[in-house]
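**Q** Hey, dropping my_file_20.cif in here, mmCIF, C-alpha atoms and all ligand atoms:
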```cif
data_entry
loop_
_atom_site.label_atom_id
_atom_site.label_comp_id
_atom_site.auth_asym_id
_atom_site.auth_seq_id
_atom_site.Cartn_x
_atom_site.Cartn_y
_atom_site.Cartn_z
CA MET A 1 104.78 133.04 109.08
CA THR A 2 103.41 134.35 105.84
CA LEU A 3 101.62 131.82 103.66
CA HIS A 4 100.61 131.88 100.09
CA TRP A 5 98.60 129.73 97.80
CA LEU A 6 98.87 130.16 94.11
CA GLN A 7 95.67 130.10 92.11
CA SER A 8 97.16 128.39 89.12
CA ALA A 9 95.36 125.76 87.08
CA ARG A 10 96.74 122.27 87.61
CA SER A 11 97.93 121.89 84.06
CA ALA A 12 99.85 125.14 84.07
CA ARG A 13 100.87 125.25 87.65
CA SER A 14 104.48 124.13 87.39
CA ILE A 15 105.39 127.12 85.21
CA ILE A 16 102.94 129.71 86.50
CA GLY A 17 103.35 128.51 90.08
CA LEU A 18 107.12 128.76 89.94
CA ALA A 19 107.04 132.25 88.43
CA ALA A 20 104.45 133.44 90.95
CA ALA A 21 106.41 131.94 93.80
CA LEU A 22 109.52 133.77 92.73
CA MET A 23 107.58 137.04 92.47
CA ILE A 24 105.96 136.63 95.88
CA GLY A 25 109.27 135.85 97.57
CA LEU A 26 109.95 133.56 100.47
CA ALA A 27 108.16 133.99 103.78
CA SER A 28 109.98 134.40 107.06
CA PRO A 29 109.98 131.32 109.32
CA ALA A 30 108.75 133.46 112.24
CA THR A 31 105.02 132.96 112.70
CA ALA A 32 102.37 135.59 112.08
CA GLN A 33 101.04 134.82 115.54
CA GLN A 34 104.40 135.71 117.09
CA ALA A 35 104.56 138.94 115.12
CA SER A 36 101.08 139.96 116.25
CA GLY A 37 101.47 138.61 119.79
CA THR A 38 98.48 136.21 119.45
CA ALA A 39 98.55 132.66 120.79
CA LEU A 40 100.27 129.94 118.83
CA ALA A 41 98.12 127.21 117.26
CA ARG A 42 97.62 124.12 119.41
CA VAL A 43 98.90 121.01 117.67
CA LEU A 44 98.47 117.48 118.96
CA VAL A 45 101.18 115.05 117.82
CA LEU A 46 100.15 111.39 117.78
CA GLY A 47 103.02 108.92 117.47
CA THR A 48 102.47 105.56 115.81
CA GLY A 49 106.08 104.49 115.11
CA GLY A 50 107.80 104.06 111.75
CA THR A 51 111.28 104.83 110.50
CA ILE A 52 110.96 108.42 111.68
CA ALA A 53 111.09 106.90 115.17
CA GLY A 54 113.65 104.27 114.11
CA GLN A 55 116.92 103.55 115.85
CA ALA A 56 120.03 101.73 114.63
CA ASN A 57 120.32 98.25 116.11
CA ALA A 58 123.25 95.91 116.74
CA ARG A 59 122.92 94.09 113.42
CA ALA A 60 125.43 94.89 110.72
CA GLY A 61 125.16 97.61 108.07
CA ASN A 62 122.24 100.02 108.03
CA ALA A 63 119.96 97.82 110.11
CA TYR A 64 117.47 99.58 112.36
CA ASP A 65 114.27 98.99 114.27
CA SER A 66 111.16 101.08 113.52
CA GLY A 67 109.15 102.81 116.22
CA LYS A 68 111.75 102.99 119.00
CA VAL A 69 111.73 106.73 119.79
CA SER A 70 108.63 108.36 121.27
CA ALA A 71 106.89 111.22 119.47
CA ALA A 72 107.62 113.44 122.49
CA ASN A 73 111.36 112.75 122.18
CA LEU A 74 111.31 113.33 118.42
CA ILE A 75 109.74 116.75 119.03
CA ALA A 76 112.14 117.58 121.86
CA ALA A 77 115.11 117.03 119.53
CA ILE A 78 114.03 119.65 116.97
CA PRO A 79 115.36 123.14 117.70
CA GLY A 80 112.79 125.90 117.25
CA ILE A 81 109.76 123.69 116.65
CA ASP A 82 108.18 125.05 119.83
CA ARG A 83 108.07 128.48 118.18
CA LEU A 84 105.64 127.14 115.56
CA ALA A 85 102.90 125.81 117.84
CA GLN A 86 101.85 124.85 121.34
CA ILE A 87 102.66 121.17 121.04
CA SER A 88 101.42 118.19 123.00
CA ALA A 89 102.52 114.67 122.13
CA GLU A 90 100.96 111.27 122.80
CA GLN A 91 101.85 107.75 121.74
CA ILE A 92 99.15 105.70 120.05
CA SER A 93 101.43 102.82 119.01
CA SER A 94 105.12 102.07 118.40
CA ILE A 95 105.12 99.91 115.30
CA GLY A 96 106.59 99.77 111.85
CA SER A 97 103.75 100.67 109.52
CA GLN A 98 103.96 97.26 107.83
CA ASP A 99 102.08 96.21 111.01
CA MET A 100 99.48 98.99 110.76
CA ASN A 101 96.07 97.64 111.63
CA ASP A 102 92.41 98.42 112.32
CA LYS A 103 92.97 98.81 116.07
CA VAL A 104 95.51 101.61 115.62
CA TRP A 105 93.26 103.24 113.03
CA PHE A 106 90.27 103.15 115.40
CA ASP A 107 92.43 104.50 118.26
CA LEU A 108 93.63 107.38 116.07
CA VAL A 109 90.07 108.28 115.09
CA LYS A 110 88.88 108.11 118.70
CA ARG A 111 91.66 110.40 119.95
CA ILE A 112 91.33 112.90 117.10
CA ARG A 113 87.55 113.07 117.45
CA ALA A 114 87.87 113.64 121.21
CA ALA A 115 90.43 116.41 120.66
CA ILE A 116 88.12 118.08 118.14
CA ASP A 117 84.97 117.67 120.26
CA ASN A 118 86.77 119.11 123.31
CA LYS A 119 88.12 121.97 121.17
CA GLU A 120 91.63 121.05 122.36
CA VAL A 121 93.43 121.47 119.07
CA ASP A 122 93.86 123.54 115.92
CA GLY A 123 95.78 120.84 114.10
CA VAL A 124 96.98 117.24 114.35
CA VAL A 125 100.29 115.70 113.27
CA ILE A 126 100.61 111.91 113.06
CA THR A 127 104.09 110.37 112.92
CA HIS A 128 103.89 107.17 110.87
CA GLY A 129 105.96 104.72 108.85
CA THR A 130 105.98 105.48 105.16
CA ASP A 131 105.10 101.95 103.99
CA THR A 132 101.37 102.22 104.68
CA MET A 133 101.10 105.97 105.28
CA GLU A 134 98.93 106.46 102.22
CA GLU A 135 96.44 103.90 103.52
CA THR A 136 96.15 105.50 106.96
CA ALA A 137 95.84 108.95 105.40
CA PHE A 138 93.08 107.79 103.07
CA PHE A 139 91.29 105.90 105.84
CA LEU A 140 91.26 109.01 108.05
CA GLN A 141 90.12 111.16 105.14
CA ASN A 142 87.07 108.94 104.72
CA VAL A 143 85.98 108.87 108.36
CA LEU A 144 87.01 112.21 109.90
CA ASP A 145 84.54 115.00 109.50
CA THR A 146 86.64 118.05 110.31
CA ASP A 147 88.18 121.13 108.77
CA ILE A 148 91.26 121.16 110.97
CA PRO A 149 94.52 120.08 109.35
CA VAL A 150 95.42 116.43 109.96
CA VAL A 151 98.95 115.85 108.69
CA LEU A 152 100.81 112.55 108.42
CA VAL A 153 104.60 112.66 108.45
CA GLY A 154 107.39 110.11 108.33
CA SER A 155 110.91 109.73 107.12
CA MET A 156 112.94 107.45 104.92
CA ARG A 157 115.97 107.36 107.22
CA PRO A 158 115.89 106.40 110.89
CA SER A 159 116.51 109.03 113.55
CA THR A 160 120.06 107.73 114.11
CA ALA A 161 121.10 107.85 110.42
CA ILE A 162 123.53 110.32 108.89
CA GLY A 163 121.34 112.87 107.14
CA ALA A 164 118.17 111.76 108.94
CA ASP A 165 115.24 113.41 107.19
CA GLY A 166 112.79 113.02 110.08
CA PRO A 167 113.49 116.30 111.94
CA ALA A 168 113.02 118.50 108.85
CA ASN A 169 109.91 116.57 107.83
CA LEU A 170 108.41 116.87 111.31
CA TYR A 171 109.21 120.58 111.45
CA ASP A 172 107.52 121.02 108.06
CA ALA A 173 104.49 118.99 109.17
CA MET A 174 104.18 121.25 112.21
CA ARG A 175 104.19 124.30 109.97
CA VAL A 176 101.42 122.81 107.85
CA ALA A 177 99.32 121.62 110.82
CA SER A 178 99.57 124.98 112.59
CA ALA A 179 98.64 127.11 109.56
CA PRO A 180 95.05 128.38 109.11
CA GLU A 181 95.61 128.09 105.34
CA SER A 182 95.82 124.31 105.74
CA ARG A 183 92.22 124.05 106.95
CA GLY A 184 89.61 122.35 104.81
CA ARG A 185 92.11 120.45 102.68
CA GLY A 186 91.38 116.97 104.00
CA VAL A 187 94.13 114.74 105.36
CA LEU A 188 97.61 115.67 104.16
CA VAL A 189 100.96 113.88 103.88
CA VAL A 190 104.20 115.86 104.28
CA LEU A 191 107.65 114.56 103.33
CA ASN A 192 110.70 116.08 101.70
CA ASP A 193 109.28 119.63 101.48
CA THR A 194 106.19 118.40 99.61
CA ILE A 195 102.53 118.32 100.65
CA HIS A 196 100.24 115.67 99.16
CA GLY A 197 96.50 114.99 99.38
CA ALA A 198 95.37 111.68 100.89
CA ARG A 199 93.44 110.53 97.82
CA TRP A 200 96.37 110.78 95.43
CA VAL A 201 99.58 110.24 97.39
CA GLN A 202 101.58 107.05 96.83
CA LYS A 203 104.92 105.71 98.00
CA THR A 204 106.86 105.24 94.77
CA ASN A 205 110.46 104.49 95.73
CA THR A 206 111.79 101.98 98.26
CA THR A 207 114.54 104.20 99.66
CA SER A 208 114.58 107.72 98.19
CA VAL A 209 113.62 110.66 100.42
CA GLN A 210 111.51 111.84 97.45
CA THR A 211 109.40 108.72 97.60
CA PHE A 212 105.92 110.25 97.79
CA ARG A 213 104.26 111.35 94.59
CA SER A 214 100.71 112.00 93.48
CA PRO A 215 100.56 110.48 89.99
CA ASP A 216 98.33 112.25 87.45
CA VAL A 217 97.62 115.26 89.71
CA GLY A 218 100.83 116.30 91.49
CA PRO A 219 101.28 117.60 95.03
CA VAL A 220 98.90 120.09 96.68
CA GLY A 221 101.70 122.31 97.92
CA TYR A 222 105.24 122.81 99.14
CA VAL A 223 106.65 123.56 102.56
CA ASP A 224 110.13 124.11 103.95
CA THR A 225 111.70 125.91 106.86
CA GLY A 226 111.13 129.24 105.10
CA SER A 227 107.76 129.02 103.39
CA LEU A 228 104.42 127.27 102.94
CA ARG A 229 102.60 127.38 99.64
CA PHE A 230 99.44 125.66 98.47
CA LEU A 231 98.96 125.33 94.74
CA GLN A 232 95.17 125.58 94.76
CA PRO A 233 92.45 126.97 97.02
CA ALA A 234 90.98 124.53 99.55
CA ILE A 235 87.97 122.61 98.23
CA PRO A 236 85.10 122.63 100.77
CA ALA A 237 84.90 119.21 102.43
CA LYS A 238 81.96 116.99 101.57
CA ALA A 239 79.63 116.51 104.52
CA ALA A 240 78.97 112.82 103.97
CA LYS A 241 81.61 110.72 105.67
CA LEU A 242 81.60 107.01 106.25
CA LYS A 243 80.69 105.73 109.70
CA LEU A 244 83.00 103.49 111.67
CA PRO A 245 81.65 100.44 113.47
CA ASP A 246 81.91 100.67 117.28
CA ALA A 247 84.97 98.44 117.32
CA PRO A 248 87.44 96.85 114.92
CA PRO A 249 87.86 94.81 112.79
CA LEU A 250 86.56 96.17 109.52
CA PRO A 251 85.11 93.59 107.08
CA ARG A 252 87.73 91.49 105.36
CA VAL A 253 88.76 92.71 101.90
CA ASP A 254 91.59 90.93 100.07
CA ILE A 255 93.79 92.27 97.29
CA ILE A 256 94.55 89.81 94.50
CA TYR A 257 97.58 90.65 92.39
CA SER A 258 97.18 89.77 88.73
CA HIS A 259 100.05 88.33 86.66
CA ALA A 260 100.85 86.32 83.56
CA ASN A 261 99.81 82.67 83.62
CA MET A 262 97.21 83.31 86.33
CA ASP A 263 94.60 80.76 87.29
CA ALA A 264 91.51 81.02 89.51
CA ALA A 265 93.11 79.68 92.69
CA GLU A 266 93.87 82.96 94.42
CA VAL A 267 90.34 84.31 93.89
CA GLU A 268 88.78 81.04 95.03
CA ASP A 269 91.03 80.97 98.11
CA ALA A 270 90.02 84.51 99.06
CA VAL A 271 86.35 83.54 98.89
CA LYS A 272 87.04 80.42 100.99
CA ARG A 273 88.87 82.57 103.58
CA GLY A 274 85.70 84.61 103.98
CA ALA A 275 86.57 87.79 102.09
CA LYS A 276 83.56 90.07 101.91
CA GLY A 277 85.26 92.07 99.18
CA ILE A 278 88.04 91.53 96.65
CA VAL A 279 90.14 94.24 95.02
CA LEU A 280 91.85 93.12 91.85
CA ALA A 281 95.31 94.66 91.40
CA GLY A 282 94.85 94.01 87.73
CA VAL A 283 97.18 94.22 84.78
CA GLY A 284 96.78 97.33 82.63
CA ASP A 285 93.27 98.73 82.86
CA GLY A 286 92.43 96.47 85.81
CA ASN A 287 92.27 93.27 83.80
CA SER A 288 93.19 89.65 84.50
CA SER A 289 93.22 86.21 82.90
CA LYS A 290 89.93 84.67 81.75
CA SER A 291 90.16 82.14 84.61
CA ALA A 292 90.59 84.86 87.24
CA ILE A 293 87.85 87.09 85.77
CA ASP A 294 85.47 84.09 85.65
CA ALA A 295 86.27 83.31 89.29
CA LEU A 296 85.69 86.97 90.23
CA ALA A 297 82.34 86.90 88.43
CA ALA A 298 81.38 83.76 90.36
CA ALA A 299 82.44 85.47 93.60
CA ALA A 300 80.34 88.54 92.76
CA LYS A 301 77.35 86.27 92.13
CA GLN A 302 77.81 84.90 95.66
CA GLY A 303 77.72 88.43 97.12
CA VAL A 304 81.43 89.21 97.36
CA VAL A 305 81.98 92.83 96.32
CA VAL A 306 84.51 92.99 93.48
CA VAL A 307 86.42 96.14 92.58
CA ARG A 308 88.90 96.21 89.72
CA SER A 309 92.00 98.36 90.31
CA THR A 310 95.41 98.23 88.63
CA ARG A 311 98.96 97.30 89.52
CA VAL A 312 100.28 99.90 87.04
CA GLY A 313 100.75 102.81 89.47
CA SER A 314 98.99 105.64 87.67
CA GLY A 315 95.99 106.32 85.44
CA TYR A 316 92.30 105.51 85.77
CA VAL A 317 90.63 102.12 85.55
CA ASN A 318 87.67 102.47 83.18
CA ARG A 319 84.40 100.58 83.15
CA ASN A 320 83.20 98.22 80.45
CA VAL A 321 86.18 98.52 78.09
CA GLU A 322 87.81 95.07 77.94
CA VAL A 323 85.87 93.73 80.93
CA GLU A 324 82.06 93.73 80.96
CA ASP A 325 81.58 95.26 84.39
CA ASP A 326 77.84 95.82 84.02
CA LYS A 327 77.26 92.19 83.10
CA LEU A 328 79.66 90.70 85.66
CA GLY A 329 78.64 92.91 88.60
CA PHE A 330 81.99 94.61 89.16
CA ALA A 331 82.92 98.14 90.19
CA VAL A 332 86.17 99.87 89.16
CA SER A 333 88.48 101.87 91.41
CA LEU A 334 89.00 104.76 88.94
CA ASP A 335 92.12 106.59 90.24
CA LEU A 336 92.46 104.67 93.51
CA ASN A 337 95.34 102.23 93.71
CA PRO A 338 94.61 98.74 95.10
CA GLN A 339 95.64 99.51 98.68
CA LYS A 340 93.39 102.57 98.84
CA ALA A 341 90.56 100.80 97.02
CA ARG A 342 90.79 98.13 99.72
CA VAL A 343 90.39 100.74 102.48
CA LEU A 344 87.38 102.34 100.83
CA LEU A 345 85.75 98.99 100.13
CA GLU A 346 86.19 97.88 103.76
CA LEU A 347 84.46 101.07 104.89
CA LEU A 348 81.68 100.78 102.32
CA ILE A 349 80.91 97.19 103.27
CA ALA A 350 80.96 98.21 106.96
CA ASN A 351 78.37 100.84 106.04
CA GLY A 352 76.20 98.31 104.21
CA VAL A 353 77.10 99.58 100.73
CA THR A 354 77.55 96.42 98.67
CA GLU A 355 75.42 96.79 95.54
CA PRO A 356 77.85 97.30 92.60
CA GLY A 357 76.16 100.49 91.38
CA ALA A 358 76.26 102.09 94.82
CA VAL A 359 79.87 100.96 95.31
CA GLN A 360 80.77 102.49 91.95
CA GLN A 361 79.13 105.76 92.91
CA ALA A 362 81.10 105.89 96.17
CA PHE A 363 84.38 105.35 94.33
CA ALA A 364 83.55 108.23 92.01
CA GLN A 365 83.08 110.75 94.85
N1 LIG B 1 109.21 99.83 108.66
C1 LIG B 1 108.73 100.70 107.64
C2 LIG B 1 107.54 101.50 108.14
O1 LIG B 1 107.44 101.78 109.32
C3 LIG B 1 109.83 101.52 107.16
C4 LIG B 1 109.45 102.58 106.21
C5 LIG B 1 109.38 103.96 106.81
O2 LIG B 1 108.86 104.21 107.89
O3 LIG B 1 109.88 104.83 106.14
O4 LIG B 1 106.71 101.86 107.36
#
```
Do you think you could lay out the structure here as structure tokens?
Ligand code: DGL
**A**
Amino acid sequence: MTLHWLQSARSARSIIGLAAALMIGLASPATAQQASGTALARVLVLGTGGTIAGQANARAGNAYDSGKVSAANLIAAIPGIDRLAQISAEQISSIGSQDMNDKVWFDLVKRIRAAIDNKEVDGVVITHGTDTMEETAFFLQNVLDTDIPVVLVGSMRPSTAIGADGPANLYDAMRVASAPESRGRGVLVVLNDTIHGARWVQKTNTTSVQTFRSPDVGPVGYVDTGSLRFLQPAIPAKAAKLKLPDAPPLPRVDIIYSHANMDAAEVEDAVKRGAKGIVLAGVGDGNSSKSAIDALAAAAKQGVVVVRSTRVGSGYVNRNVEVEDDKLGFAVSLDLNPQKARVLLELLIANGVTEPGAVQQAFAQ
């Protein structure tokens, strides 16, 4: 397998990248290792469930149940995937990712760390539902300290559907996870021939196979059965990673969704429920009604860590524009959407980082 990355600047990459790609030509799907007779990369597949493992059920229409097919059986059904890597498959959970939770996250980290420490693997693929894939990817990115590719993959159609997209996505994920060029790029998400970085990727469409996008920055690369291309060189990973407590759960962080005609009740309820942190999915630039902002300021005074994010779906949340963050003791999520801001805030609080300035610094990294 020949791989290329194109050293084009982000702003110009769609035009330059396309032209360069055409000039370079498509790579053969046969691997470089096969051509040279060297061993295939060792890739560990960890199944968690999701639509990729979904099966039609007896209910009418397109009804299906997530997480019914094992990762091993998903692999076994893909012709030629065994020519990409030496594959081993294990099941961590069998759930729809709407039920993703701290226990599965801790189990994933434990297994991946053990595989790395024992030098068992050159890459990891995680099969996962698409609903919360971006949260798991971002969680892993913040706690795993490794250069090896860790690739999350899912599908929008269950394995029994006409035109199921799971097999192609899993094949593509295997190509990415087995490629040396994928090292040092953090945790990746692969769906519909597109590779995204964990910090930026978001699910943006309820049903389309092109649901994942990285607003403001775009994907990090493209992959299909014939080629693998990264659009930029790998950025060396930062050494400092957040520590995980010995066991779940992580500290409670609630997301409060802002809307017209909003009062203080939801913020006050979150504080009563024992939230250690609150992420505001604010309107516009992370804003909310005066009542809600006042309640958030009161919460911050009591030691609840408050981070303002936005429900908008793209763009940065800026400090001290309409809301006086310095005065009120808030941090802003910058480019992180509310669900990812929640993950980072849980980890920061677990690591004892609660002072607004320190929280803000961590979000900026
Ligand atoms: N049940 C959802 C999940 O597992 C379906 C979405 C999907 O996997 O594509 O996330």
**Q** Name all residues at most 8 Å from Ser289 (chain A) (count all atoms listed in the file; drop same-chain ones fewer than 4 positions away) and give them as a ChimeraX atom specification.
**A** /A:258,260-263,293
**Q** Generate the output file for the selected residues, C-alpha atoms, as a compact mmCIF listing (two decimals), keeping the file's coordinate frame.
**A**
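As written to disk, result-v1.txt reads:
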```txt
# COMPACT_ATOMS: atom_id res chain seq x y z
CA SER A 258 97.18 89.77 88.73
CA ALA A 260 100.85 86.32 83.56
CA ASN A 261 99.81 82.67 83.62
CA MET A 262 97.21 83.31 86.33
CA ASP A 263 94.60 80.76 87.29
CA ILE A 293 87.85 87.09 85.77
```
**Q** To check your reading of the model: which residues sit at most 7 Å from ligand LIG 1 (chain B) when counting all atoms listed in the file? Write the answer as a PDB file with C-alpha atoms, keeping the file's coordinate frame.
**A**
```pdb
ATOM      1  CA  GLY A  49     106.080 104.490 115.110  1.00  0.00           C
ATOM      2  CA  GLY A  50     107.800 104.060 111.750  1.00  0.00           C
ATOM      3  CA  THR A  51     111.280 104.830 110.500  1.00  0.00           C
ATOM      4  CA  ILE A  52     110.960 108.420 111.680  1.00  0.00           C
ATOM      5  CA  SER A  66     111.160 101.080 113.520  1.00  0.00           C
ATOM      6  CA  ILE A  95     105.120  99.910 115.300  1.00  0.00           C
ATOM      7  CA  GLY A  96     106.590  99.770 111.850  1.00  0.00           C
ATOM      8  CA  SER A  97     103.750 100.670 109.520  1.00  0.00           C
ATOM      9  CA  GLN A  98     103.960  97.260 107.830  1.00  0.00           C
ATOM     10  CA  HIS A 128     103.890 107.170 110.870  1.00  0.00           C
ATOM     11  CA  GLY A 129     105.960 104.720 108.850  1.00  0.00           C
ATOM     12  CA  THR A 130     105.980 105.480 105.160  1.00  0.00           C
ATOM     13  CA  ASP A 131     105.100 101.950 103.990  1.00  0.00           C
ATOM     14  CA  THR A 132     101.370 102.220 104.680  1.00  0.00           C
ATOM     15  CA  GLY A 154     107.390 110.110 108.330  1.00  0.00           C
ATOM     16  CA  SER A 155     110.910 109.730 107.120  1.00  0.00           C
ATOM     17  CA  MET A 156     112.940 107.450 104.920  1.00  0.00           C
ATOM     18  CA  ARG A 157     115.970 107.360 107.220  1.00  0.00           C
TER      19      ARG A 157
END
```
**Q** May I have the residues within 7 Å of Ile81 (chain A) as a ChimeraX atom specification, using all atoms listed in the file and disregarding those fewer than 3 positions away in the same chain?
**A** /A:78,84,171
**Q** Skipping near chain neighbours, those fewer than 2 positions away, what residues fall within 8 Å of Tyr316 (chain A) using all atoms listed in the file, listed as a list in words?
**A**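 In the requested format, the answer is Asp285, Ser314, Asn318, Ser333, Leu334, Asp335 and Leu336 of chain A.
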**Q** Could you give me, as a list in words, the residues that have an atom at most 12 Å away from the point (75.5, 85.3, 97.2) in the coordinates of the file, using only C-alpha atoms?
**A**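 Those residues lying close to the given coordinates are Val271, Lys276, Ala297, Ala298, Ala299, Ala300, Lys301, Gln302, Gly303, Val304, Val305, Gly329, Thr354 and Glu355 of chain A.
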**Q** Using C-alpha atoms, can you export the residues from the last selection as a PDB file, in the coordinates of the input?
**A**
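Final output, saved to again_24.pdb:
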```
ATOM      1  CA  VAL A 271      86.350  83.540  98.890  1.00  0.00           C
ATOM      2  CA  LYS A 276      83.560  90.070 101.910  1.00  0.00           C
ATOM      3  CA  ALA A 297      82.340  86.900  88.430  1.00  0.00           C
ATOM      4  CA  ALA A 298      81.380  83.760  90.360  1.00  0.00           C
ATOM      5  CA  ALA A 299      82.440  85.470  93.600  1.00  0.00           C
ATOM      6  CA  ALA A 300      80.340  88.540  92.760  1.00  0.00           C
ATOM      7  CA  LYS A 301      77.350  86.270  92.130  1.00  0.00           C
ATOM      8  CA  GLN A 302      77.810  84.900  95.660  1.00  0.00           C
ATOM      9  CA  GLY A 303      77.720  88.430  97.120  1.00  0.00           C
ATOM     10  CA  VAL A 304      81.430  89.210  97.360  1.00  0.00           C
ATOM     11  CA  VAL A 305      81.980  92.830  96.320  1.00  0.00           C
ATOM     12  CA  GLY A 329      78.640  92.910  88.600  1.00  0.00           C
ATOM     13  CA  THR A 354      77.550  96.420  98.670  1.00  0.00           C
ATOM     14  CA  GLU A 355      75.420  96.790  95.540  1.00  0.00           C
TER      15      GLU A 355
END
```
**Q** Find the residues around Phe212 (chain A) up to 7 Å (all atoms listed in the file counted), leave out those fewer than 6 positions away in its own chain, and share them as a ChimeraX atom specification.
**A** /A:201-204
**Q** Go through A:Pro356, A:Gly313, A:Pro180, A:Gly186 and flag the residue nearest Val151 (chain A), using all atoms listed in the file for the distances.
**A**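 Among the listed residues, the smallest separation from Val151 (chain A) belongs to A:Gly186.
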**Q** Using only C-alpha atoms, which residue out of A:Pro248, A:Gly286, A:Pro79, A:Pro338 lies closest to Leu170 (chain A)?
**A**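 Closest residue, counting only C-alpha atoms: A:Pro79.
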**Q** Which value, in Å to one decimal, gives the distance between CA of Ile148 (chain A) and CA of Ser88 (chain A)?
**A** 16.0 Å
**Q** When distances are computed from all atoms listed in the file, which of A:Asp172, A:Asp224, A:Asp65, A:Asp107 shows the smallest separation from Ser93 (chain A)?
**A**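 Closest to Ser93 (chain A) of all the choices is A:Asp107.
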**Q** Which residue, A:Gln141, A:Gly282, A:Ala295, A:Val109, has the smallest gap to Asp269 (chain A) when you use all atoms listed in the file?
**A**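 Going through A:Gln141, A:Gly282, A:Ala295, A:Val109 one by one, the smallest distance to Asp269 (chain A) is for A:Ala295.
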**Q** Compare A:Pro149, A:Gly197, A:Gly123, A:Gly352 by their minimum atom-to-atom distance to Val220 (chain A), counting all atoms listed in the file, and give me the closest one.
**A** A:Gly197
**Q** Interatomic distance between CA of Asp326 (chain A) and CA of Ser309 (chain A)?
**A**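 If I compute the distance from CA of Asp326 (chain A) to CA of Ser309 (chain A), I get 15.7 Å.
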**Q** Looking at A:Met133, A:Ala115, A:Ala161, A:Val332, which one is nearest to Thr146 (chain A), with distances taken over all atoms listed in the file?
**A** A:Ala115
**Q** Record the distance separating CA of Asp82 (chain A) and CA of Ala179 (chain A), expressed in Å with one decimal.
**A**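 Those two atoms sit 14.2 Å apart.
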**Q** Edge lengths and centre, in Å to one decimal, as AutoDock Vina command-line options: that's what I need for the box along x, y and z that holds all listed atoms of region 219-234 of chain A plus 4 Å on each side.
**A**
```
--center_x 101.3 --center_y 123.4 --center_z 100.8 --size_x 28.7 --size_y 19.6 --size_z 20.1
```
